[in-house]
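One structure is given here, and the rest of the page talks about it.
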Amino acid sequence: MTCTQLANTAASGLVALCCLVFAIVYHLNAPWRSTPVGRHVMGFTLTIGALTAYTVAITFWPHGLVASVLQVIRTCLLLVTAALVLQRIHLVIRAQHRRIPLDVERDPERPSV
């Protein structure tokens, strides 16, 4: 394994571990299931953690059946990531529209939020 592969694997492992620790702490200390934003934060964090765990796993099993299964899992995780980004767009738009009443005119000199 080259130095760059080792650095990539180590950094990916660190991110996966941090995501796992975050998920455990968040699960134990916050009612994350009770809000759409909480569910999104948990889902996005776990997805990023799984993608970085994939990077570690594929380094050790680059060929064969295990690699093929890992590649299918990675594709599914990327589709989940895309869905979560779309969900994030929806959450942001919804949050921004709640802050500005529709019947109030905005000041053109004031930057929008």
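In the structure tokens, chains take letters A, B, ... by order of appearance, with residues numbered from 1 within each chain and ligands from 1 in the order shown.
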Counting only C-alpha atoms, which residues of range 11-34 of chain A fall within 12 Å of range 51-65 of chain A, and what is the closest atom pair for each with its distance in Å at one decimal, ordered by chain and rising number, as a tab-separated table?
```
residue	atom	partner	partner_atom	distance
A:Ala11	CA	A:Thr52	CA	8.6
A:Ser12	CA	A:Thr52	CA	4.9
A:Gly13	CA	A:Val56	CA	6.2
A:Leu14	CA	A:Thr52	CA	8.6
A:Val15	CA	A:Thr52	CA	6.5
A:Ala16	CA	A:Thr52	CA	5.5
A:Leu17	CA	A:Ala53	CA	8.5
A:Cys18	CA	A:Thr52	CA	10.5
A:Cys19	CA	A:Thr52	CA	9.4
A:Leu20	CA	A:Ala53	CA	10.2
```
Subject >> Neighbour list for Leu77 in chain A as a PyMOL selection string, cut-off 10 Å, only C-alpha atoms, skip fewer than 3 positions in-chain >> reply: chain A and resi 47-48+50-51+54+71-74+80-83
Since we have the selection now, will you write its residues out, keeping C-alpha atoms, as a JSON list (two decimals), in the first residue's frame?
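The result, stored in selection-v1.json:
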```json
[["chain", "number", "residue", "atom", "x", "y", "z"],
["A", 47, "THR", "CA", -24.63, 7.77, 5.02],
["A", 48, "ILE", "CA", -21.35, 9.70, 4.97],
["A", 50, "ALA", "CA", -21.03, 4.31, 5.48],
["A", 51, "LEU", "CA", -19.43, 5.77, 2.34],
["A", 54, "TYR", "CA", -16.76, 1.57, 2.08],
["A", 71, "GLN", "CA", -19.61, -1.68, -5.19],
["A", 72, "VAL", "CA", -23.36, -2.37, -5.25],
["A", 73, "ILE", "CA", -23.61, -1.08, -1.68],
["A", 74, "ARG", "CA", -21.66, 2.03, -2.68],
["A", 80, "VAL", "CA", -29.33, 7.64, -0.73],
["A", 81, "THR", "CA", -26.94, 10.61, -0.60],
["A", 82, "ALA", "CA", -28.66, 12.16, -3.62],
["A", 83, "ALA", "CA", -32.06, 11.67, -1.98]]
```
**OP:** Pull the alpha helix (DSSP H) assignments for range 25-73 of chain A out of DSSP run on the backbone, and list those residues as a ChimeraX atom specification.
**Re:** /A:25-29,36-60,64-73
Original post:
Which value, in Å to one decimal, gives the distance between CA of Val85 in chain A and CA of Thr4 in chain A?
Top reply: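 Interatomic distance, CA of Val85 in chain A to CA of Thr4 in chain A: 29.3 Å.
The smallest atom-to-atom distance between Val92 in chain A and any of A:Cys3, A:Ala30, A:Ala10, A:Val37, using only C-alpha atoms, is found for A:Val37.
Picture a line from CA of Pro36 in chain A to CA of Thr75 in chain A; it runs 24.6 Å.
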